Every structure is written in structure tokens, then in C-alpha cells.
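Peer 1: Just one file: start-v5.txt, with compact mmCIF, C-alpha atoms and all ligand atoms.
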# COMPACT_ATOMS: atom_id res chain seq x y z
CA MET A 1 29.47 81.78 158.52
CA ASN A 2 27.01 80.21 156.09
CA SER A 3 24.16 79.83 158.57
CA GLU A 4 21.56 79.27 155.86
CA LEU A 5 23.50 76.22 154.64
CA PHE A 6 23.96 74.95 158.22
CA GLN A 7 20.19 75.21 158.75
CA ARG A 8 19.42 73.35 155.53
CA VAL A 9 21.85 70.58 156.46
CA ASP A 10 20.36 70.43 159.98
CA ASN A 11 16.91 70.03 158.42
CA TYR A 12 18.26 67.32 156.11
CA ILE A 13 19.68 65.41 159.10
CA ALA A 14 16.48 65.90 161.11
CA ASP A 15 14.33 64.65 158.21
CA LEU A 16 16.48 61.54 157.97
CA LEU A 17 17.29 60.79 161.59
CA GLY A 18 15.70 63.19 164.04
CA SER A 19 12.15 63.83 162.97
CA GLU A 20 9.73 65.19 165.56
CA ASP A 21 6.31 63.66 166.17
CA MET A 22 3.26 65.73 167.12
CA VAL A 23 4.10 65.66 170.84
CA LEU A 24 7.53 67.22 170.26
CA LYS A 25 6.13 69.76 167.77
CA GLU A 26 3.38 70.74 170.21
CA THR A 27 5.94 71.02 173.00
CA ILE A 28 7.83 73.62 170.95
CA GLU A 29 4.52 75.40 170.19
CA SER A 30 3.60 75.38 173.88
CA LEU A 31 6.65 77.56 174.63
CA ASP A 32 5.31 80.37 172.40
CA ILE A 33 1.79 79.98 173.75
CA ALA A 34 3.01 80.28 177.37
CA GLY A 35 5.54 83.03 176.58
CA LEU A 36 8.59 80.87 177.33
CA PRO A 37 11.88 81.43 175.43
CA GLN A 38 12.67 79.19 172.45
CA GLN A 39 15.82 77.78 174.05
CA SER A 40 15.21 74.06 173.70
CA VAL A 41 17.83 71.82 172.14
CA SER A 42 17.31 71.16 168.43
CA ALA A 43 15.70 67.93 167.22
CA ASN A 44 19.11 66.61 166.12
CA GLN A 45 20.57 67.42 169.52
CA GLY A 46 17.66 65.58 171.16
CA LYS A 47 18.43 62.56 168.99
CA PHE A 48 22.13 62.92 169.83
CA LEU A 49 21.26 62.71 173.54
CA GLN A 50 19.32 59.51 172.82
CA VAL A 51 22.32 58.04 170.99
CA LEU A 52 24.55 58.83 173.98
CA MET A 53 22.04 57.24 176.36
CA ILE A 54 21.81 54.04 174.40
CA ALA A 55 25.61 53.89 174.03
CA CYS A 56 26.03 53.99 177.82
CA ASN A 57 22.92 51.88 178.52
CA ALA A 58 21.43 54.71 180.59
CA LYS A 59 18.63 53.70 182.95
CA LYS A 60 18.86 56.70 185.23
CA VAL A 61 19.33 60.26 183.96
CA LEU A 62 19.53 63.67 185.62
CA GLU A 63 18.78 66.89 183.74
CA LEU A 64 19.43 70.45 184.94
CA GLY A 65 17.22 72.99 183.11
CA THR A 66 13.85 71.63 181.95
CA LEU A 67 12.24 74.67 180.27
CA GLY A 68 9.12 73.21 178.56
CA GLY A 69 10.32 69.62 178.68
CA TYR A 70 11.48 69.25 175.06
CA SER A 71 14.90 67.70 175.82
CA THR A 72 13.26 65.85 178.75
CA ILE A 73 10.91 64.09 176.33
CA TRP A 74 13.74 63.10 173.97
CA ILE A 75 15.73 61.72 176.92
CA ALA A 76 12.86 59.95 178.68
CA ARG A 77 11.83 58.25 175.44
CA ALA A 78 15.24 56.54 175.27
CA LEU A 79 14.93 55.12 178.79
CA PRO A 80 14.18 51.41 179.18
CA GLU A 81 10.89 50.25 180.73
CA ASN A 82 12.24 50.53 184.29
CA GLY A 83 14.22 53.73 183.56
CA LYS A 84 13.93 56.93 185.60
CA MET A 85 14.77 60.56 185.07
CA VAL A 86 14.95 63.55 187.40
CA THR A 87 14.78 67.01 185.83
CA ILE A 88 15.35 70.25 187.77
CA GLU A 89 13.80 73.60 186.83
CA VAL A 90 14.00 76.84 188.81
CA ASP A 91 11.03 78.60 187.20
CA ARG A 92 7.62 77.33 188.36
CA ASN A 93 5.89 78.59 185.23
CA HIS A 94 8.38 76.68 183.03
CA GLY A 95 7.86 73.65 185.25
CA ASP A 96 4.06 73.81 184.86
CA VAL A 97 4.38 73.91 181.07
CA ALA A 98 6.91 71.06 181.14
CA GLN A 99 4.75 68.91 183.42
CA LYS A 100 1.82 69.19 180.99
CA ASN A 101 4.05 68.28 178.04
CA ILE A 102 5.55 65.32 179.91
CA GLU A 103 2.01 64.10 180.71
CA LYS A 104 0.93 64.52 177.08
CA ALA A 105 3.95 62.45 176.06
CA GLY A 106 2.83 59.70 178.47
CA LEU A 107 6.10 59.92 180.40
CA SER A 108 4.94 61.01 183.87
CA ASP A 109 5.78 57.64 185.38
CA LYS A 110 9.41 57.94 184.27
CA VAL A 111 10.06 61.63 184.86
CA GLU A 112 10.27 63.36 188.22
CA LEU A 113 10.28 67.15 187.93
CA ARG A 114 11.80 69.03 190.86
CA ILE A 115 11.16 72.77 191.09
CA GLY A 116 13.94 74.89 192.58
CA SER A 117 17.44 76.09 191.93
CA ALA A 118 19.80 73.30 190.89
CA LEU A 119 22.40 74.59 193.38
CA ASP A 120 19.86 74.02 196.18
CA ILE A 121 18.46 70.73 194.91
CA LEU A 122 21.72 68.96 193.98
CA PRO A 123 22.99 68.71 197.60
CA ASN A 124 19.61 67.18 198.55
CA ILE A 125 19.91 64.58 195.79
CA ILE A 126 23.46 63.76 196.93
CA ALA A 127 22.22 63.43 200.54
CA GLU A 128 19.57 60.92 199.38
CA ASN A 129 22.55 58.63 198.68
CA ASP A 130 20.72 56.79 195.91
CA GLU A 131 22.20 54.82 192.98
CA PRO A 132 24.52 56.93 190.77
CA TYR A 133 23.23 58.40 187.51
CA ASP A 134 24.21 56.92 184.14
CA MET A 135 23.98 60.25 182.33
CA ILE A 136 23.71 63.87 183.50
CA PHE A 137 22.64 66.59 181.06
CA VAL A 138 23.40 70.15 182.16
CA ASP A 139 21.41 72.85 180.34
CA ALA A 140 20.54 75.36 183.10
CA ASP A 141 22.12 78.76 183.93
CA LYS A 142 25.72 79.02 182.73
CA PRO A 143 27.57 80.91 185.50
CA PRO A 144 27.62 77.91 187.91
CA TYR A 145 28.50 75.28 185.23
CA ALA A 146 31.76 74.42 187.06
CA GLU A 147 29.82 73.92 190.34
CA TYR A 148 27.33 71.73 188.49
CA PHE A 149 30.26 69.63 187.25
CA ILE A 150 31.54 69.13 190.82
CA TYR A 151 28.07 68.05 191.98
CA ALA A 152 27.62 65.84 188.89
CA LEU A 153 30.84 63.98 189.74
CA GLN A 154 29.40 63.16 193.18
CA LEU A 155 26.34 61.63 191.50
CA SER A 156 28.35 59.56 189.03
CA ARG A 157 30.10 56.21 188.70
CA PRO A 158 32.89 55.21 186.32
CA GLY A 159 31.33 55.35 182.85
CA THR A 160 28.75 58.03 183.65
CA LEU A 161 28.41 60.59 180.85
CA ILE A 162 28.19 64.25 181.87
CA VAL A 163 27.00 66.47 179.02
CA PHE A 164 26.95 70.29 179.02
CA ASP A 165 25.14 72.36 176.41
CA ASN A 166 26.16 75.83 175.17
CA VAL A 167 29.85 75.84 176.11
CA ILE A 168 31.18 77.72 173.03
CA ARG A 169 28.72 80.63 172.88
CA GLU A 170 29.29 81.70 169.25
CA GLY A 171 33.05 81.65 169.86
CA LYS A 172 32.87 84.18 172.70
CA VAL A 173 34.59 81.53 174.80
CA LEU A 174 37.86 82.59 173.08
CA ASP A 175 37.73 86.01 174.77
CA SER A 176 39.76 85.66 177.95
CA ASN A 177 38.82 89.23 178.93
CA SER A 178 35.08 88.68 178.62
CA ASN A 179 32.88 90.27 181.29
CA ASP A 180 29.90 88.13 180.30
CA GLU A 181 29.06 85.91 183.30
CA LYS A 182 27.74 83.17 181.00
CA VAL A 183 30.98 83.14 179.01
CA LYS A 184 33.04 83.20 182.20
CA GLY A 185 30.96 80.31 183.57
CA VAL A 186 31.59 78.05 180.58
CA GLN A 187 35.27 79.07 180.41
CA ARG A 188 35.68 77.90 184.04
CA LEU A 189 33.93 74.63 183.24
CA ASN A 190 35.94 73.97 180.07
CA LYS A 191 39.22 74.57 181.94
CA MET A 192 38.09 72.29 184.75
CA LEU A 193 37.25 69.55 182.24
CA SER A 194 40.76 69.87 180.78
CA GLU A 195 42.41 69.57 184.20
CA ASN A 196 40.25 67.02 186.03
CA LYS A 197 41.92 63.61 185.97
CA ASN A 198 38.66 61.83 186.83
CA VAL A 199 37.12 62.42 183.40
CA THR A 200 37.99 62.10 179.74
CA ALA A 201 36.34 65.02 178.00
CA THR A 202 35.97 66.81 174.71
CA ILE A 203 33.83 69.53 173.14
CA LEU A 204 32.00 69.31 169.82
CA GLN A 205 31.21 72.59 168.06
CA THR A 206 27.60 72.74 166.93
CA VAL A 207 25.97 74.64 164.08
CA GLY A 208 22.56 74.26 162.52
CA THR A 209 19.14 75.59 163.41
CA LYS A 210 20.66 77.09 166.59
CA GLU A 211 23.50 79.61 166.74
CA HIS A 212 27.13 78.44 166.67
CA ASP A 213 27.79 76.76 170.02
CA GLY A 214 29.21 73.58 171.50
CA ILE A 215 28.43 70.52 173.59
CA ALA A 216 30.96 69.26 176.14
CA ILE A 217 30.96 65.53 176.85
CA ALA A 218 32.86 64.07 179.79
CA VAL A 219 32.96 60.39 180.68
CA VAL A 220 33.94 59.48 184.23
CA ASN A 221 37.10 57.38 184.09
CA ARG A 222 37.55 53.85 185.33
CA ILE A 223 39.34 53.94 188.68
N1 LIG A 301 16.87 71.60 178.39
C1 LIG A 301 15.78 72.40 177.86
C2 LIG A 301 15.42 71.86 176.50
O1 LIG A 301 16.34 71.63 175.68
O2 LIG A 301 14.22 71.68 176.24
C3 LIG A 301 16.18 73.85 177.73
C4 LIG A 301 16.65 74.47 179.01
S1 LIG A 301 16.79 76.22 178.91
C5 LIG A 301 18.20 76.43 177.90
C6 LIG A 301 17.41 76.60 180.50
C7 LIG A 301 16.40 76.38 181.62
O3 LIG A 301 17.15 76.38 182.85
C8 LIG A 301 15.36 77.47 181.76
O4 LIG A 301 14.07 76.92 181.80
C9 LIG A 301 15.69 78.14 183.10
O5 LIG A 301 14.56 78.61 183.82
C10 LIG A 301 16.37 77.00 183.83
N2 LIG A 301 17.27 77.46 184.90
C11 LIG A 301 17.97 78.61 184.97
N3 LIG A 301 18.64 78.69 186.12
C12 LIG A 301 18.38 77.54 186.79
C13 LIG A 301 18.78 77.03 188.05
N4 LIG A 301 19.59 77.73 188.84
N5 LIG A 301 18.32 75.83 188.43
C14 LIG A 301 17.50 75.11 187.61
N6 LIG A 301 17.07 75.55 186.42
C15 LIG A 301 17.51 76.75 186.01
Render the structure in this file as C-alpha cells.

Peer 2:
Amino acid sequence: MNSELFQRVDNYIADLLGSEDMVLKETIESLDIAGLPQQSVSANQGKFLQVLMIACNAKKVLELGTLGGYSTIWIARALPENGKMVTIEVDRNHGDVAQKNIEKAGLSDKVELRIGSALDILPNIIAENDEPYDMIFVDADKPPYAEYFIYALQLSRPGTLIVFDNVIREGKVLDSNSNDEKVKGVQRLNKMLSENKNVTATILQTVGTKEHDGIAIAVVNRI
């Protein structure tokens, strides 16, 4: 694979359509400073999430997997004035870094960060019986991706977009004998997306500044 070319094209797209301001650049820097992994979405993927949000007129968004808040900032910036976002992060240290970055971005009034495991917090959110979410972005641990999908459906309405990052894993998803729990997790999700009659779904392969991977997008069907 010509990864150098993919990177140059990603940079070309980012320069045109997905440029980062100082807040986003400093958010990426803050990960190194705090010793967090560089696992944020790319700038173009952040912009892609914004495009999806505007297409579905998203006012309420749920994110699983905050890390330092990079994707959170892209998403929250595309919310309307009265928009709200909940983001769930299991690691308190990651959450502290994210909270500072969200504050620096001036988005604290729109973003609620909940610390804990998504599998523990999602049933609580469902029990709150609040308005459904317009978009749900799943970017946490991969083994329970299928469980996250089942919870996401319970927090959705017809038209809700459910987006999953990292579902191709450099093509390892093709290995049906894989013992890698992350690969097995996304394989289960991808199969579930193909079989579930409540959603219309597809997967886009992604290349660029990140390794070869894929983003699954499911829209909840009209009843
Ligand atoms: N969405 C972030 C971004 O693009 O800026 C990147 C998220 S990073 C790929 C995955 C994050 O999910 C990590 O911060 C990790 O601590 C968190 N995570 C892992 N397992 C989790 C769980 N069970 N519940 C919630 N968050 C989890």
C-alpha cells in the first residue's frame, strides 16, 4: 500500500476542508504531554463527523471513548446553540485531559463528560428515559462493539446515525480464524449490522494519516 501517497492526499484534503485551529492542535499536543496514546480520529475524520451531524440535523450526540477530547471538540462544534453532547470515558486520567481541552475550546456548556465504563453507563442513560440521540459515535474498546450497537439502538429514533470507528483493522477483519479480541469484536458488529433489519448500514474503508481501517455507518430505518 502506498501509505506515503495516502498521507499526502489526506494532508491535501485537510488543508482544503479540515484544517485544525490552535485548540485542536493543542489538544493533540496535550496527549503527548500527558502520556496519552495518539489514537484520536484524524482531522478529516473529525470534519466527516461534522458533515454527518449537519446532514441529520443533530442536536443531541452521544460519544463512547473520549480520550483527550479531540473528536469531542469536532462534534460539539457542529452542534447548534441549544445542542448537547454526552461523552463517556473509562480512564479518569484521559477524562481529566479531555475536560481541560473541552474547557479551552469553550464547549463545557454543551459537553457532559461521564467517567466510567460504557457498558456500565449506557444502561443508566437508557434508564433516564430522555429524548433519543440524533447521532451516536462509538470509538471505545472494540470487543463489546456489538453490545454497544444494541444499547445504541435503544437510545435512537428512526433517522439516528450510529457510527463506529476502526471496524476494518488493516484488513485483519478478513481473518475468520483471528484470535484478536478487537478483531473478533468488530467482526461480530459488522455481521450484526448486515443482519439487523432495523438499520441500513455500510462501511467505508479509510486510509490517510492513520493506518488502513474503516468506519461503519448505520442509519436507523423508518418504521
Ligand atoms: N474518540 C477519541 C478521539 O478521536 O479523540 C479517541 C478515542 S480512543 C480511540 C478510545 C478511548 O476509549 C480511550 O480513551 C479509552 O480509554 C476509552 N475506553 C476504552 N474502553 C472503554 C470503555 N469500556 N468505556 C468507555 N471508554 C473506554

Peer 1: Separation of atom CA of Gln38 of chain A and atom C3 of ligand LIG 301 (chain A), in Å?

Peer 2: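 Spanning atom CA of Gln38 of chain A to atom C3 of ligand LIG 301 (chain A) is a straight-line distance of 8.3 Å.
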
Peer 1: Report as a PDB file with C-alpha atoms, in the frame of the given file all protein, DNA and RNA residues lying within 10 Å of Ala152 of chain A, evaluated on all atoms listed in the file, omitting residues in the same chain fewer than 6 positions from it.

Peer 2:
ATOM      1  CA  LEU A  62      19.530  63.670 185.620  1.00  0.00           C
ATOM      2  CA  LEU A 122      21.720  68.960 193.980  1.00  0.00           C
ATOM      3  CA  ILE A 126      23.460  63.760 196.930  1.00  0.00           C
ATOM      4  CA  PRO A 132      24.520  56.930 190.770  1.00  0.00           C
ATOM      5  CA  TYR A 133      23.230  58.400 187.510  1.00  0.00           C
ATOM      6  CA  MET A 135      23.980  60.250 182.330  1.00  0.00           C
ATOM      7  CA  ILE A 136      23.710  63.870 183.500  1.00  0.00           C
ATOM      8  CA  PHE A 137      22.640  66.590 181.060  1.00  0.00           C
ATOM      9  CA  VAL A 138      23.400  70.150 182.160  1.00  0.00           C
ATOM     10  CA  ALA A 146      31.760  74.420 187.060  1.00  0.00           C
ATOM     11  CA  THR A 160      28.750  58.030 183.650  1.00  0.00           C
ATOM     12  CA  LEU A 161      28.410  60.590 180.850  1.00  0.00           C
ATOM     13  CA  ILE A 162      28.190  64.250 181.870  1.00  0.00           C
ATOM     14  CA  VAL A 163      27.000  66.470 179.020  1.00  0.00           C
TER      15      VAL A 163
END

Peer 1: Which residue out of A:Gln50, A:Asn93, A:Thr27, A:Asn44 has the minimum interatomic distance to Asp15 of chain A when all atoms listed in the file are used?

Peer 2: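 Checking each candidate against Asp15 of chain A, we get A:Asn44 as the closest.
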
Peer 1: With all atoms listed in the file as the basis for distance, which of A:Asp165, A:His212, A:Ala43, A:Val183 is at the shortest distance from Asp21 of chain A?

Peer 2: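 For Asp21 of chain A, the nearest of the candidates is A:Ala43.
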
Peer 1: So which residues are near ligand LIG 301 (chain A), meaning at most 6 Å away with only C-alpha atoms and all ligand atoms counted, given back as a PDB file with C-alpha atoms, in the coordinates of the input?

Peer 2:
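So result29.pdb came out as:
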ATOM      1  CA  GLN A  39      15.820  77.780 174.050  1.00  0.00           C
ATOM      2  CA  SER A  40      15.210  74.060 173.700  1.00  0.00           C
ATOM      3  CA  VAL A  41      17.830  71.820 172.140  1.00  0.00           C
ATOM      4  CA  LEU A  64      19.430  70.450 184.940  1.00  0.00           C
ATOM      5  CA  GLY A  65      17.220  72.990 183.110  1.00  0.00           C
ATOM      6  CA  THR A  66      13.850  71.630 181.950  1.00  0.00           C
ATOM      7  CA  LEU A  67      12.240  74.670 180.270  1.00  0.00           C
ATOM      8  CA  GLY A  68       9.120  73.210 178.560  1.00  0.00           C
ATOM      9  CA  GLY A  69      10.320  69.620 178.680  1.00  0.00           C
ATOM     10  CA  TYR A  70      11.480  69.250 175.060  1.00  0.00           C
ATOM     11  CA  SER A  71      14.900  67.700 175.820  1.00  0.00           C
ATOM     12  CA  ILE A  88      15.350  70.250 187.770  1.00  0.00           C
ATOM     13  CA  GLU A  89      13.800  73.600 186.830  1.00  0.00           C
ATOM     14  CA  VAL A  90      14.000  76.840 188.810  1.00  0.00           C
ATOM     15  CA  ASP A  91      11.030  78.600 187.200  1.00  0.00           C
ATOM     16  CA  HIS A  94       8.380  76.680 183.030  1.00  0.00           C
ATOM     17  CA  SER A 117      17.440  76.090 191.930  1.00  0.00           C
ATOM     18  CA  ALA A 118      19.800  73.300 190.890  1.00  0.00           C
ATOM     19  CA  ASP A 139      21.410  72.850 180.340  1.00  0.00           C
ATOM     20  CA  ALA A 140      20.540  75.360 183.100  1.00  0.00           C
ATOM     21  CA  ASP A 141      22.120  78.760 183.930  1.00  0.00           C
TER      22      ASP A 141
END

Peer 1: What's around Val219 of chain A at 12 Å? Count all atoms listed in the file, leave out sequence neighbours fewer than 3 positions away in its own chain, and write the answer as a ChimeraX atom specification.

Peer 2: /A:52,55-56,134-136,149,152-153,156-164,193,196-203,216,222

Peer 1: Could you state the separation of atom CA of Ala34 of chain A and atom CA of Arg92 of chain A in Å, given to one decimal place?

Peer 2: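 Value for the atom CA of Ala34 of chain A-atom CA of Arg92 of chain A distance: 12.3 Å.
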
Peer 1: With only C-alpha atoms as the basis for distance, which of A:Lys84, A:Leu16, A:Glu63, A:Lys172 is at the shortest distance from Ile121 of chain A?

Peer 2: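 Going through A:Lys84, A:Leu16, A:Glu63, A:Lys172 one by one, the smallest distance to Ile121 of chain A is for A:Glu63.
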
Peer 1: So what do you get for atom CA of Thr72 of chain A versus atom CA of Thr87 of chain A, distance-wise?

Peer 2: 7.3 Å

Peer 1: Pick from A:Val167, A:Ile28, A:Ile223, A:Leu174: nearest to Leu189 of chain A, with all atoms listed in the file counted?

Peer 2: A:Val167

Peer 1: Give the answer as one residue: which of A:Lys110, A:Arg8, A:Lys182, A:Lys104 has the shortest atom-to-atom distance to Asn82 of chain A, using only C-alpha atoms?

Peer 2: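 Selected residue with least distance to Asn82 of chain A: A:Lys110.
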
Peer 1: So, counting only C-alpha atoms, which residue among A:Leu5, A:Leu113, A:Ile125, A:Leu119 is closest to Gln154 of chain A?

Peer 2: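 For Gln154 of chain A, the nearest of the given residues is A:Ile125.
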
Peer 1: How big is the axis-aligned box around all listed atoms of segment 107-113 of chain A once 3 Å goes on each side, and where's its centre, in Å to one decimal, as lines of an AutoDock Vina configuration file?

Peer 2:
center_x = 7.6
center_y = 62.4
center_z = 184.3
size_x = 11.3
size_y = 15.5
size_z = 13.8

Peer 1: Step by step: start from the point (4.7, 67.0, 184.5) in the file's coordinates, keep every protein, DNA or RNA residue that has an atom no farther than 6 Å from it, count only C-alpha atoms, and write the set as an mmCIF file with C-alpha atoms, in the coordinates of the input.

Peer 2:
data_model
loop_
_atom_site.group_PDB
_atom_site.id
_atom_site.type_symbol
_atom_site.label_atom_id
_atom_site.label_comp_id
_atom_site.auth_asym_id
_atom_site.auth_seq_id
_atom_site.Cartn_x
_atom_site.Cartn_y
_atom_site.Cartn_z
ATOM 1 C CA ALA A 98 6.910 71.060 181.140
ATOM 2 C CA GLN A 99 4.750 68.910 183.420
ATOM 3 C CA LYS A 100 1.820 69.190 180.990
ATOM 4 C CA ILE A 102 5.550 65.320 179.910
ATOM 5 C CA GLU A 103 2.010 64.100 180.710
#
